[in-house]
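Undergrad: This is the structure I have questions about; it appears just below.
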Amino acid sequence: MPAVLILGGLLAYPLFLGVWLSLTNTVLGSPGQFVGFQNYIDLISDPTYRGAAMFSIAYTFFAEIGKVSLGLILALIVNQKFAGYRIARAMMLMPYVAPTVLSALAWLWLFDPQFSAISWLLMKIHLIHAPINFVGSPTHAQISVIVVNIWRGLPYFAIGYLAGLQGINKDLLEAAAIDGASAWQSFWRITWPLLLPVTTILVSFSAIFTLTDFQLIWTITRGGPTDATQVFTTLAYQRAITGGSLGQGAAVAISPIIFMIFFAWFVVRSVREERATA
Amino acid sequence: MNRVRALRIYVPLAFYAVFLLLPFYWMLATTFKINQELLVTPNPFLIYHWTLEHVVNLLTQTRYLTWFGNTLALSIGAMLLSVSVSYITAYAIIRLRFPGSQAFGTAIFLAYIVPPAILFIPLATVLIQLHWFDKLWALIPIYATFLIPFCTWVLIGFLKSIPRELEEAARVDGASNLMIMWRIILPIAVPGIITTAIFSFTLSWNEYLYALVYMSSPENKTVSVGMTSELISGDVFQWGQLMAGALIGIIPALLAYFFFAEYYVAGMSGSLKD
């Protein structure tokens, strides 16, 4: 089967090769020698790597919180029928559909230190007095890339939650309303518990790709300033491609695999369960 | 609709609209503004002097059209390869029930959630060994590595919903396996095929990391890579040109979405739910 050939040659083989490379001191252009776990040992004592690992985790954590809460609220809004709800549903997917790098370029320009339109707006409504340096200071840059990640992933969560909401039996909510439950109570007692399975799937799945996000951060900050927004993938790219240390780069790229196996296990388990009940 | 309900819907919706659509509006506004207005203006969200200068410059003074053509050819090529291979694979998994087909289905799913970010370094050495480095068409099989698992997974879901009786009836009438696959199941699977085709196209159009690492000549770049590596040089950003390029670059993906929105949403939910 051609699928086996393509997947075997270009997916499984590189995966093993990647693990092998990470155990060697290969540099670009010359074959390396087996060095065991030396690359990984070096990484643990490397402050840049530790910073990148910490920020990757923080980036994923805060972005997932943002996507779950904002995505759910958006789904609850567009789940109602109101004038223009079809247009709202169609438009809300645009950040997800548009190529990430191209929309990240628009964000980069919106984050311009001197001519930011966001700063202009905030100054007009007197929230701030001077332009914000969105990508120039470490903390601001970290917040900025997390906000853009939320912007990009929110539609995916909104669609997932919308499907989840439509699967909820309306009788349950009506019965709760008759029993005198407030909207708030019926949300926490009925809707949210029923949405927990879909939340697990959405978060685990999205976490795998947020943890290994490259294009958004690379376009907006290149990992800077002073490595503040460095993540696993940007560091792997710098070490392996610009720096030429393929072995070390491969070790950086492979190191988040523990988290990925953890999330993948959740995804596979939830998908299996869903299949069994369907 | 009463007033309270209207407020509860439209006020938050307005916040979402501003947040979600802001970058797109910004691309549009920047593209059609004269250069001076980008930096000195009473209101950056309005256009006082319209111009097509940025678009014209982008198309005549940069390689943008080449990159656009490259991305289009790649996306269509990767789409055709992935959808056809995936259809055959999904059919085999669902209908033939060979030993281990269940395990193969799970393997496909696992392959689908392996992120490109952990493969790009070893794949680079594979490409060097094959002498495929900086060859544009090499990206077609590379893209297939993430498209085939995705398409196969979605198509398995679609093919499952086709009743088996249909196939059995055809077999009683003397149809061969191949004939069943092409003449009977394929026409019914068309919605699934369209869904995976749109996704293959938009995912290829969106791809960045592989194209960035493996394509080095300016004439072999894709839109995303060309824009970030050739149009941004040093500290001087030609924002008018860049936003014109971003705006034109998102159009194919948005067209694919708006024309086939239903299929797109089906694919989004089908990718994780059966």
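Each chain in the structure tokens gets a letter, A, B and so on, in the order shown; residues start at 1 in every chain, and ligands are counted from 1 in the order they appear.
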Counting only C-alpha atoms, which residues of chain A come no farther than 7 Å from chain B, as an mmCIF file with all heavy atoms, in the first residue's frame?
TA:
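Contents of iface-v4.cif, as written:
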```cif
data_model
loop_
_atom_site.group_PDB
_atom_site.id
_atom_site.type_symbol
_atom_site.label_atom_id
_atom_site.label_comp_id
_atom_site.auth_asym_id
_atom_site.auth_seq_id
_atom_site.Cartn_x
_atom_site.Cartn_y
_atom_site.Cartn_z
ATOM 1 N N PRO A 2 0.534 2.213 -0.876
ATOM 2 C CA PRO A 2 1.363 3.434 -0.943
ATOM 3 C C PRO A 2 1.403 4.189 0.378
ATOM 4 O O PRO A 2 2.417 4.796 0.711
ATOM 5 C CB PRO A 2 0.684 4.260 -2.043
ATOM 6 C CG PRO A 2 -0.610 3.608 -2.324
ATOM 7 C CD PRO A 2 -0.570 2.220 -1.836
ATOM 8 N N ALA A 3 0.306 4.129 1.122
ATOM 9 C CA ALA A 3 0.269 4.859 2.389
ATOM 10 C C ALA A 3 1.359 4.357 3.326
ATOM 11 O O ALA A 3 2.042 5.125 3.996
ATOM 12 C CB ALA A 3 -1.098 4.709 3.043
ATOM 13 N N ILE A 6 4.789 5.764 2.135
ATOM 14 C CA ILE A 6 5.015 7.174 2.451
ATOM 15 C C ILE A 6 5.158 7.374 3.957
ATOM 16 O O ILE A 6 6.079 8.040 4.427
ATOM 17 C CB ILE A 6 3.877 8.051 1.892
ATOM 18 C CG1 ILE A 6 3.915 8.014 0.355
ATOM 19 C CG2 ILE A 6 3.986 9.486 2.383
ATOM 20 C CD1 ILE A 6 2.873 8.850 -0.322
ATOM 21 N N LEU A 7 4.259 6.746 4.712
ATOM 22 C CA LEU A 7 4.299 6.944 6.158
ATOM 23 C C LEU A 7 5.525 6.285 6.761
ATOM 24 O O LEU A 7 6.156 6.812 7.668
ATOM 25 C CB LEU A 7 3.025 6.410 6.816
ATOM 26 C CG LEU A 7 1.751 7.123 6.403
ATOM 27 C CD1 LEU A 7 0.556 6.551 7.143
ATOM 28 C CD2 LEU A 7 1.855 8.608 6.672
ATOM 29 N N LEU A 10 8.716 8.370 5.321
ATOM 30 C CA LEU A 10 8.822 9.785 5.654
ATOM 31 C C LEU A 10 8.266 10.124 7.029
ATOM 32 O O LEU A 10 8.244 11.276 7.421
ATOM 33 C CB LEU A 10 8.133 10.635 4.578
ATOM 34 C CG LEU A 10 8.808 10.554 3.202
ATOM 35 C CD1 LEU A 10 7.980 11.254 2.144
ATOM 36 C CD2 LEU A 10 10.210 11.152 3.236
ATOM 37 N N LEU A 11 7.818 9.131 7.770
ATOM 38 C CA LEU A 11 7.303 9.432 9.097
ATOM 39 C C LEU A 11 7.951 8.539 10.160
ATOM 40 O O LEU A 11 8.617 9.035 11.063
ATOM 41 C CB LEU A 11 5.781 9.270 9.106
ATOM 42 C CG LEU A 11 5.062 10.221 10.055
ATOM 43 C CD1 LEU A 11 3.949 10.929 9.334
ATOM 44 C CD2 LEU A 11 4.516 9.501 11.255
ATOM 45 N N PRO A 14 12.017 8.744 9.905
ATOM 46 C CA PRO A 14 12.564 9.963 10.520
ATOM 47 C C PRO A 14 12.384 10.006 12.033
ATOM 48 O O PRO A 14 13.234 10.527 12.744
ATOM 49 C CB PRO A 14 11.757 11.086 9.869
ATOM 50 C CG PRO A 14 11.236 10.526 8.629
ATOM 51 C CD PRO A 14 11.061 9.061 8.831
ATOM 52 N N LEU A 15 11.272 9.436 12.498
ATOM 53 C CA LEU A 15 11.036 9.445 13.941
ATOM 54 C C LEU A 15 12.148 8.680 14.658
ATOM 55 O O LEU A 15 12.725 9.154 15.643
ATOM 56 C CB LEU A 15 9.675 8.826 14.230
ATOM 57 C CG LEU A 15 9.033 9.146 15.574
ATOM 58 C CD1 LEU A 15 8.869 10.646 15.760
ATOM 59 C CD2 LEU A 15 7.687 8.467 15.699
ATOM 60 N N LEU A 17 15.081 7.940 13.308
ATOM 61 C CA LEU A 17 16.319 8.650 13.008
ATOM 62 C C LEU A 17 16.491 9.843 13.960
ATOM 63 O O LEU A 17 17.607 10.131 14.420
ATOM 64 C CB LEU A 17 16.277 9.139 11.556
ATOM 65 C CG LEU A 17 17.558 9.745 10.988
ATOM 66 C CD1 LEU A 17 18.659 8.695 10.938
ATOM 67 C CD2 LEU A 17 17.310 10.302 9.593
ATOM 68 N N GLY A 18 15.379 10.495 14.263
ATOM 69 C CA GLY A 18 15.426 11.642 15.171
ATOM 70 C C GLY A 18 15.897 11.229 16.553
ATOM 71 O O GLY A 18 16.735 11.900 17.167
ATOM 72 N N ILE A 77 -22.852 31.786 23.087
ATOM 73 C CA ILE A 77 -23.527 32.903 22.411
ATOM 74 C C ILE A 77 -24.098 32.457 21.063
ATOM 75 O O ILE A 77 -25.277 32.640 20.786
ATOM 76 C CB ILE A 77 -22.567 34.092 22.200
ATOM 77 C CG1 ILE A 77 -22.105 34.649 23.543
ATOM 78 C CG2 ILE A 77 -23.257 35.195 21.397
ATOM 79 C CD1 ILE A 77 -20.977 35.648 23.422
ATOM 80 N N MET A 92 -16.515 33.632 12.633
ATOM 81 C CA MET A 92 -15.690 33.342 13.801
ATOM 82 C C MET A 92 -14.597 32.318 13.488
ATOM 83 O O MET A 92 -13.643 32.187 14.234
ATOM 84 C CB MET A 92 -16.547 32.849 14.968
ATOM 85 C CG MET A 92 -16.997 31.417 14.853
ATOM 86 S SD MET A 92 -18.077 30.986 16.217
ATOM 87 C CE MET A 92 -18.103 29.207 16.024
ATOM 88 N N PRO A 95 -9.922 33.188 11.904
ATOM 89 C CA PRO A 95 -8.542 33.071 12.413
ATOM 90 C C PRO A 95 -7.982 31.662 12.246
ATOM 91 O O PRO A 95 -6.786 31.481 12.047
ATOM 92 C CB PRO A 95 -8.687 33.409 13.899
ATOM 93 C CG PRO A 95 -9.916 34.226 13.995
ATOM 94 C CD PRO A 95 -10.838 33.692 12.928
ATOM 95 N N VAL A 97 -8.848 29.516 9.829
ATOM 96 C CA VAL A 97 -8.691 29.169 8.422
ATOM 97 C C VAL A 97 -7.502 29.899 7.785
ATOM 98 O O VAL A 97 -6.760 29.332 6.990
ATOM 99 C CB VAL A 97 -9.988 29.514 7.634
ATOM 100 C CG1 VAL A 97 -9.836 29.182 6.163
ATOM 101 C CG2 VAL A 97 -11.178 28.782 8.227
ATOM 102 N N ALA A 98 -7.287 31.152 8.158
ATOM 103 C CA ALA A 98 -6.228 31.950 7.534
ATOM 104 C C ALA A 98 -4.849 31.385 7.897
ATOM 105 O O ALA A 98 -4.640 30.957 9.021
ATOM 106 C CB ALA A 98 -6.338 33.392 7.998
ATOM 107 N N PRO A 99 -3.925 31.358 6.921
ATOM 108 C CA PRO A 99 -2.580 30.846 7.212
ATOM 109 C C PRO A 99 -1.932 31.599 8.383
ATOM 110 O O PRO A 99 -1.919 32.831 8.408
ATOM 111 C CB PRO A 99 -1.825 31.106 5.914
ATOM 112 C CG PRO A 99 -2.868 31.121 4.859
ATOM 113 C CD PRO A 99 -4.090 31.697 5.512
ATOM 114 N N THR A 100 -1.431 30.844 9.345
ATOM 115 C CA THR A 100 -0.935 31.424 10.598
ATOM 116 C C THR A 100 0.141 32.487 10.399
ATOM 117 O O THR A 100 0.100 33.543 11.026
ATOM 118 C CB THR A 100 -0.372 30.314 11.492
ATOM 119 O OG1 THR A 100 -1.372 29.330 11.656
ATOM 120 C CG2 THR A 100 0.029 30.851 12.847
ATOM 121 N N VAL A 101 1.100 32.199 9.518
ATOM 122 C CA VAL A 101 2.203 33.138 9.360
ATOM 123 C C VAL A 101 1.704 34.477 8.836
ATOM 124 O O VAL A 101 2.141 35.537 9.293
ATOM 125 C CB VAL A 101 3.273 32.550 8.416
ATOM 126 C CG1 VAL A 101 4.289 33.604 8.030
ATOM 127 C CG2 VAL A 101 3.958 31.384 9.083
ATOM 128 N N LEU A 102 0.752 34.433 7.913
ATOM 129 C CA LEU A 102 0.269 35.673 7.324
ATOM 130 C C LEU A 102 -0.526 36.496 8.327
ATOM 131 O O LEU A 102 -0.383 37.717 8.406
ATOM 132 C CB LEU A 102 -0.561 35.366 6.072
ATOM 133 C CG LEU A 102 0.199 34.558 5.012
ATOM 134 C CD1 LEU A 102 -0.683 34.271 3.815
ATOM 135 C CD2 LEU A 102 1.465 35.284 4.567
ATOM 136 N N SER A 103 -1.343 35.829 9.150
ATOM 137 C CA SER A 103 -2.055 36.613 10.153
ATOM 138 C C SER A 103 -1.103 37.052 11.266
ATOM 139 O O SER A 103 -1.280 38.135 11.835
ATOM 140 C CB SER A 103 -3.277 35.879 10.705
ATOM 141 O OG SER A 103 -3.094 34.514 10.731
ATOM 142 N N ALA A 106 0.297 40.326 10.422
ATOM 143 C CA ALA A 106 -0.606 41.437 10.732
ATOM 144 C C ALA A 106 -0.526 41.777 12.220
ATOM 145 O O ALA A 106 -0.534 42.947 12.599
ATOM 146 C CB ALA A 106 -2.035 41.084 10.334
ATOM 147 N N TRP A 107 -0.433 40.770 13.072
ATOM 148 C CA TRP A 107 -0.281 41.015 14.513
ATOM 149 C C TRP A 107 1.036 41.735 14.800
ATOM 150 O O TRP A 107 1.099 42.636 15.633
ATOM 151 C CB TRP A 107 -0.333 39.709 15.310
ATOM 152 C CG TRP A 107 -1.723 39.225 15.545
ATOM 153 C CD1 TRP A 107 -2.339 38.178 14.936
ATOM 154 C CD2 TRP A 107 -2.677 39.767 16.459
ATOM 155 N NE1 TRP A 107 -3.624 38.038 15.410
ATOM 156 C CE2 TRP A 107 -3.851 38.998 16.350
ATOM 157 C CE3 TRP A 107 -2.667 40.841 17.367
ATOM 158 C CZ2 TRP A 107 -4.993 39.250 17.100
ATOM 159 C CZ3 TRP A 107 -3.803 41.086 18.127
ATOM 160 C CH2 TRP A 107 -4.959 40.300 17.988
ATOM 161 N N PHE A 115 3.976 52.668 16.284
ATOM 162 C CA PHE A 115 2.771 52.997 15.522
ATOM 163 C C PHE A 115 1.666 51.964 15.714
ATOM 164 O O PHE A 115 0.867 51.740 14.823
ATOM 165 C CB PHE A 115 3.115 53.145 14.038
ATOM 166 C CG PHE A 115 4.221 54.119 13.799
ATOM 167 C CD1 PHE A 115 5.491 53.678 13.473
ATOM 168 C CD2 PHE A 115 3.997 55.486 13.937
ATOM 169 C CE1 PHE A 115 6.517 54.578 13.261
ATOM 170 C CE2 PHE A 115 5.028 56.398 13.736
ATOM 171 C CZ PHE A 115 6.287 55.948 13.397
ATOM 172 N N ALA A 117 -1.648 50.287 16.351
ATOM 173 C CA ALA A 117 -3.037 50.741 16.346
ATOM 174 C C ALA A 117 -3.721 50.378 17.659
ATOM 175 O O ALA A 117 -4.648 51.063 18.087
ATOM 176 C CB ALA A 117 -3.775 50.127 15.164
ATOM 177 N N TRP A 151 -6.110 33.750 20.089
ATOM 178 C CA TRP A 151 -6.858 34.275 18.941
ATOM 179 C C TRP A 151 -6.996 33.201 17.862
ATOM 180 O O TRP A 151 -8.057 32.982 17.301
ATOM 181 C CB TRP A 151 -6.123 35.512 18.396
ATOM 182 C CG TRP A 151 -6.662 36.031 17.103
ATOM 183 C CD1 TRP A 151 -7.712 36.868 16.952
ATOM 184 C CD2 TRP A 151 -6.174 35.746 15.789
ATOM 185 N NE1 TRP A 151 -7.911 37.118 15.620
ATOM 186 C CE2 TRP A 151 -6.984 36.442 14.883
ATOM 187 C CE3 TRP A 151 -5.123 34.964 15.284
ATOM 188 C CZ2 TRP A 151 -6.793 36.386 13.507
ATOM 189 C CZ3 TRP A 151 -4.927 34.906 13.927
ATOM 190 C CH2 TRP A 151 -5.750 35.610 13.048
ATOM 191 N N GLY A 160 -15.953 23.131 18.503
ATOM 192 C CA GLY A 160 -16.031 21.891 19.280
ATOM 193 C C GLY A 160 -17.115 21.981 20.343
ATOM 194 O O GLY A 160 -17.933 21.064 20.506
ATOM 195 N N PHE A 209 -0.376 20.425 19.941
ATOM 196 C CA PHE A 209 0.082 21.326 18.885
ATOM 197 C C PHE A 209 0.512 22.696 19.431
ATOM 198 O O PHE A 209 1.332 23.372 18.815
ATOM 199 C CB PHE A 209 -0.984 21.449 17.794
ATOM 200 C CG PHE A 209 -1.122 20.160 17.026
ATOM 201 C CD1 PHE A 209 -2.106 19.242 17.324
ATOM 202 C CD2 PHE A 209 -0.202 19.842 16.031
ATOM 203 C CE1 PHE A 209 -2.196 18.036 16.645
ATOM 204 C CE2 PHE A 209 -0.280 18.638 15.348
ATOM 205 C CZ PHE A 209 -1.291 17.730 15.652
ATOM 206 N N THR A 212 4.106 22.390 20.684
ATOM 207 C CA THR A 212 5.108 22.307 19.621
ATOM 208 C C THR A 212 4.866 23.363 18.552
ATOM 209 O O THR A 212 5.260 23.196 17.413
ATOM 210 C CB THR A 212 5.077 20.917 18.966
ATOM 211 O OG1 THR A 212 3.750 20.661 18.522
ATOM 212 C CG2 THR A 212 5.503 19.835 19.928
ATOM 213 N N GLN A 215 5.362 28.314 14.062
ATOM 214 C CA GLN A 215 5.240 29.417 13.117
ATOM 215 C C GLN A 215 4.791 30.725 13.743
ATOM 216 O O GLN A 215 5.280 31.789 13.376
ATOM 217 C CB GLN A 215 4.336 29.047 11.956
ATOM 218 C CG GLN A 215 3.171 28.141 12.241
ATOM 219 C CD GLN A 215 2.438 27.803 10.957
ATOM 220 O OE1 GLN A 215 2.556 28.497 9.981
ATOM 221 N NE2 GLN A 215 1.654 26.746 10.951
ATOM 222 N N THR A 233 10.422 24.264 19.970
ATOM 223 C CA THR A 233 10.654 24.185 18.522
ATOM 224 C C THR A 233 11.557 25.290 18.003
ATOM 225 O O THR A 233 12.388 25.045 17.135
ATOM 226 C CB THR A 233 9.313 24.271 17.775
ATOM 227 O OG1 THR A 233 8.579 25.354 18.323
ATOM 228 C CG2 THR A 233 8.527 23.005 17.917
ATOM 229 N N LEU A 246 22.944 19.233 14.631
ATOM 230 C CA LEU A 246 21.751 18.410 14.410
ATOM 231 C C LEU A 246 21.427 17.537 15.623
ATOM 232 O O LEU A 246 20.268 17.368 15.981
ATOM 233 C CB LEU A 246 21.944 17.534 13.175
ATOM 234 C CG LEU A 246 21.949 18.279 11.840
ATOM 235 C CD1 LEU A 246 22.206 17.303 10.698
ATOM 236 C CD2 LEU A 246 20.625 18.999 11.613
ATOM 237 N N ALA A 250 18.005 17.861 17.635
ATOM 238 C CA ALA A 250 17.077 16.731 17.687
ATOM 239 C C ALA A 250 16.695 16.424 19.129
ATOM 240 O O ALA A 250 15.532 16.127 19.420
ATOM 241 C CB ALA A 250 17.700 15.505 17.026
ATOM 242 N N ALA A 253 14.156 18.946 20.153
ATOM 243 C CA ALA A 253 12.866 18.708 19.500
ATOM 244 C C ALA A 253 12.145 17.515 20.109
ATOM 245 O O ALA A 253 10.924 17.497 20.197
ATOM 246 C CB ALA A 253 13.068 18.496 18.002
ATOM 247 N N ILE A 254 12.913 16.501 20.526
ATOM 248 C CA ILE A 254 12.288 15.273 21.012
ATOM 249 C C ILE A 254 11.926 15.362 22.492
ATOM 250 O O ILE A 254 11.003 14.687 22.947
ATOM 251 C CB ILE A 254 13.234 14.083 20.711
ATOM 252 C CG1 ILE A 254 13.183 13.865 19.207
ATOM 253 C CG2 ILE A 254 12.854 12.836 21.496
ATOM 254 C CD1 ILE A 254 13.795 12.640 18.726
ATOM 255 N N VAL A 271 -11.240 9.179 22.341
ATOM 256 C CA VAL A 271 -11.788 8.876 21.021
ATOM 257 C C VAL A 271 -12.334 7.457 20.997
ATOM 258 O O VAL A 271 -13.395 7.193 20.459
ATOM 259 C CB VAL A 271 -10.725 9.110 19.935
ATOM 260 C CG1 VAL A 271 -11.197 8.549 18.602
ATOM 261 C CG2 VAL A 271 -10.434 10.588 19.789
ATOM 262 N N ARG A 275 -16.181 6.277 20.326
ATOM 263 C CA ARG A 275 -16.505 5.299 19.296
ATOM 264 C C ARG A 275 -17.375 4.187 19.857
ATOM 265 O O ARG A 275 -18.293 3.715 19.220
ATOM 266 C CB ARG A 275 -15.217 4.671 18.783
ATOM 267 C CG ARG A 275 -14.766 5.259 17.482
ATOM 268 C CD ARG A 275 -13.670 4.395 16.966
ATOM 269 N NE ARG A 275 -13.144 4.953 15.755
ATOM 270 C CZ ARG A 275 -12.110 4.426 15.120
ATOM 271 N NH1 ARG A 275 -11.512 3.351 15.611
ATOM 272 N NH2 ARG A 275 -11.678 4.952 14.011
#
```
Undergrad: Please provide as number ranges by chain all residues within 10 Å of segment 197-207 of chain A, with the sequence filter that same-chain residues fewer than 5 positions apart are discarded (counting only C-alpha atoms).
TA: A: 57, 59-61, 63-65, 67-68, 72, 153, 156-157, 160-161, 163-165, 192, 212-213, 259-260, 262-271, 273-274; B: 113, 272-273
Undergrad: Check the DSSP output for the backbone and give back, as a PyMOL selection string, the residues of segment 43-256 of chain B in helix (DSSP H, G or I).
TA: chain B and resi 53-61+64-96+101-112+116-118+120-130+136-160+164-172+177-188+190-206+209-214+218-220+223-230+239-256
Undergrad: Residues near Leu216 of chain A, anyone? I mean within 8 Å using only C-alpha atoms, not counting same-chain ones fewer than 4 positions away, as an mmCIF file with all heavy atoms, in the first residue's frame.
TA:
```cif
data_model
loop_
_atom_site.group_PDB
_atom_site.id
_atom_site.type_symbol
_atom_site.label_atom_id
_atom_site.label_comp_id
_atom_site.auth_asym_id
_atom_site.auth_seq_id
_atom_site.Cartn_x
_atom_site.Cartn_y
_atom_site.Cartn_z
ATOM 1 N N THR A 100 -1.431 30.844 9.345
ATOM 2 C CA THR A 100 -0.935 31.424 10.598
ATOM 3 C C THR A 100 0.141 32.487 10.399
ATOM 4 O O THR A 100 0.100 33.543 11.026
ATOM 5 C CB THR A 100 -0.372 30.314 11.492
ATOM 6 O OG1 THR A 100 -1.372 29.330 11.656
ATOM 7 C CG2 THR A 100 0.029 30.851 12.847
ATOM 8 N N VAL A 101 1.100 32.199 9.518
ATOM 9 C CA VAL A 101 2.203 33.138 9.360
ATOM 10 C C VAL A 101 1.704 34.477 8.836
ATOM 11 O O VAL A 101 2.141 35.537 9.293
ATOM 12 C CB VAL A 101 3.273 32.550 8.416
ATOM 13 C CG1 VAL A 101 4.289 33.604 8.030
ATOM 14 C CG2 VAL A 101 3.958 31.384 9.083
ATOM 15 N N ALA A 104 -0.069 36.240 11.542
ATOM 16 C CA ALA A 104 0.909 36.651 12.559
ATOM 17 C C ALA A 104 1.647 37.913 12.109
ATOM 18 O O ALA A 104 2.000 38.760 12.935
ATOM 19 C CB ALA A 104 1.891 35.524 12.840
ATOM 20 N N VAL A 145 2.401 36.806 22.550
ATOM 21 C CA VAL A 145 2.302 35.573 21.751
ATOM 22 C C VAL A 145 1.214 34.652 22.293
ATOM 23 O O VAL A 145 0.546 33.959 21.528
ATOM 24 C CB VAL A 145 3.650 34.814 21.606
ATOM 25 C CG1 VAL A 145 4.597 35.569 20.690
ATOM 26 C CG2 VAL A 145 4.293 34.500 22.929
ATOM 27 N N VAL A 148 -2.046 35.939 20.857
ATOM 28 C CA VAL A 148 -2.227 35.569 19.450
ATOM 29 C C VAL A 148 -2.548 34.078 19.332
ATOM 30 O O VAL A 148 -3.366 33.670 18.513
ATOM 31 C CB VAL A 148 -0.996 35.941 18.590
ATOM 32 C CG1 VAL A 148 -1.229 35.561 17.137
ATOM 33 C CG2 VAL A 148 -0.726 37.424 18.686
ATOM 34 N N ASN A 149 -1.937 33.254 20.174
ATOM 35 C CA ASN A 149 -2.261 31.827 20.130
ATOM 36 C C ASN A 149 -3.733 31.599 20.499
ATOM 37 O O ASN A 149 -4.420 30.792 19.870
ATOM 38 C CB ASN A 149 -1.349 31.030 21.059
ATOM 39 C CG ASN A 149 -1.571 29.536 20.908
ATOM 40 O OD1 ASN A 149 -2.574 29.008 21.378
ATOM 41 N ND2 ASN A 149 -0.682 28.868 20.207
ATOM 42 N N ILE A 220 6.507 36.206 15.052
ATOM 43 C CA ILE A 220 6.309 37.414 15.856
ATOM 44 C C ILE A 220 7.565 37.806 16.640
ATOM 45 O O ILE A 220 7.935 38.978 16.674
ATOM 46 C CB ILE A 220 5.080 37.258 16.782
ATOM 47 C CG1 ILE A 220 3.821 37.130 15.918
ATOM 48 C CG2 ILE A 220 4.943 38.449 17.720
ATOM 49 C CD1 ILE A 220 2.552 36.958 16.690
#
```
Undergrad: So, with only C-alpha atoms as the atoms that count, which of A:Ile261, A:Ile217, A:Leu235, A:Ala58 lies closest to Leu43 of chain A?
TA: A:Leu235
Undergrad: With only C-alpha atoms as the basis for distance, which of A:Ile150, A:Ala88, A:Ala52, A:Leu172 is at the shortest distance from Ala236 of chain A?
TA: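 Of the candidates, the smallest distance to Ala236 of chain A is held by A:Ala52.
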Undergrad: Please indicate the distance in Å from atom CA of Tyr40 of chain A to atom CA of Met54 of chain A, rounded to one decimal place.
TA: 15.9 Å
Undergrad: What's around Leu65 of chain B at 12 Å? Count only C-alpha atoms, leave out sequence neighbours fewer than 4 positions away in its own chain, and write the answer as a ChimeraX atom specification.
TA: /B:55-61,69-72,218-223,226-227,245,248-249
Undergrad: Report as a list of chain:residue names all protein, DNA and RNA residues lying within 9 Å of Val35 of chain A, evaluated on only C-alpha atoms, omitting residues in the same chain fewer than 6 positions from it.
TA: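 Near Val35 of chain A, the qualifying residues are A:Ser22, A:Leu23, A:Thr24, A:Asn25.
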Undergrad: For Thr219 of chain A, which residue among A:Val27, A:Ile128, A:Val135, A:Leu21 is the nearest when counting only C-alpha atoms?
TA: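 Nearest to Thr219 of chain A: A:Val135.
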Undergrad: Let me make sure I understand: among A:Pro131, A:Ile44, A:Gly29, A:Gly180, which one has the smallest atom-to-atom distance to Asp112 of chain A if we use only C-alpha atoms?
TA: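 The closest residue to Asp112 of chain A is A:Pro131.
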Undergrad: Mind checking which residues fall within 12 Å of Ile188 of chain B, counting only C-alpha atoms, ignoring those fewer than 5 positions away in the same chain, and posting them as number ranges by chain?
TA: B: 155, 158-163, 166-167, 180-183, 193-194
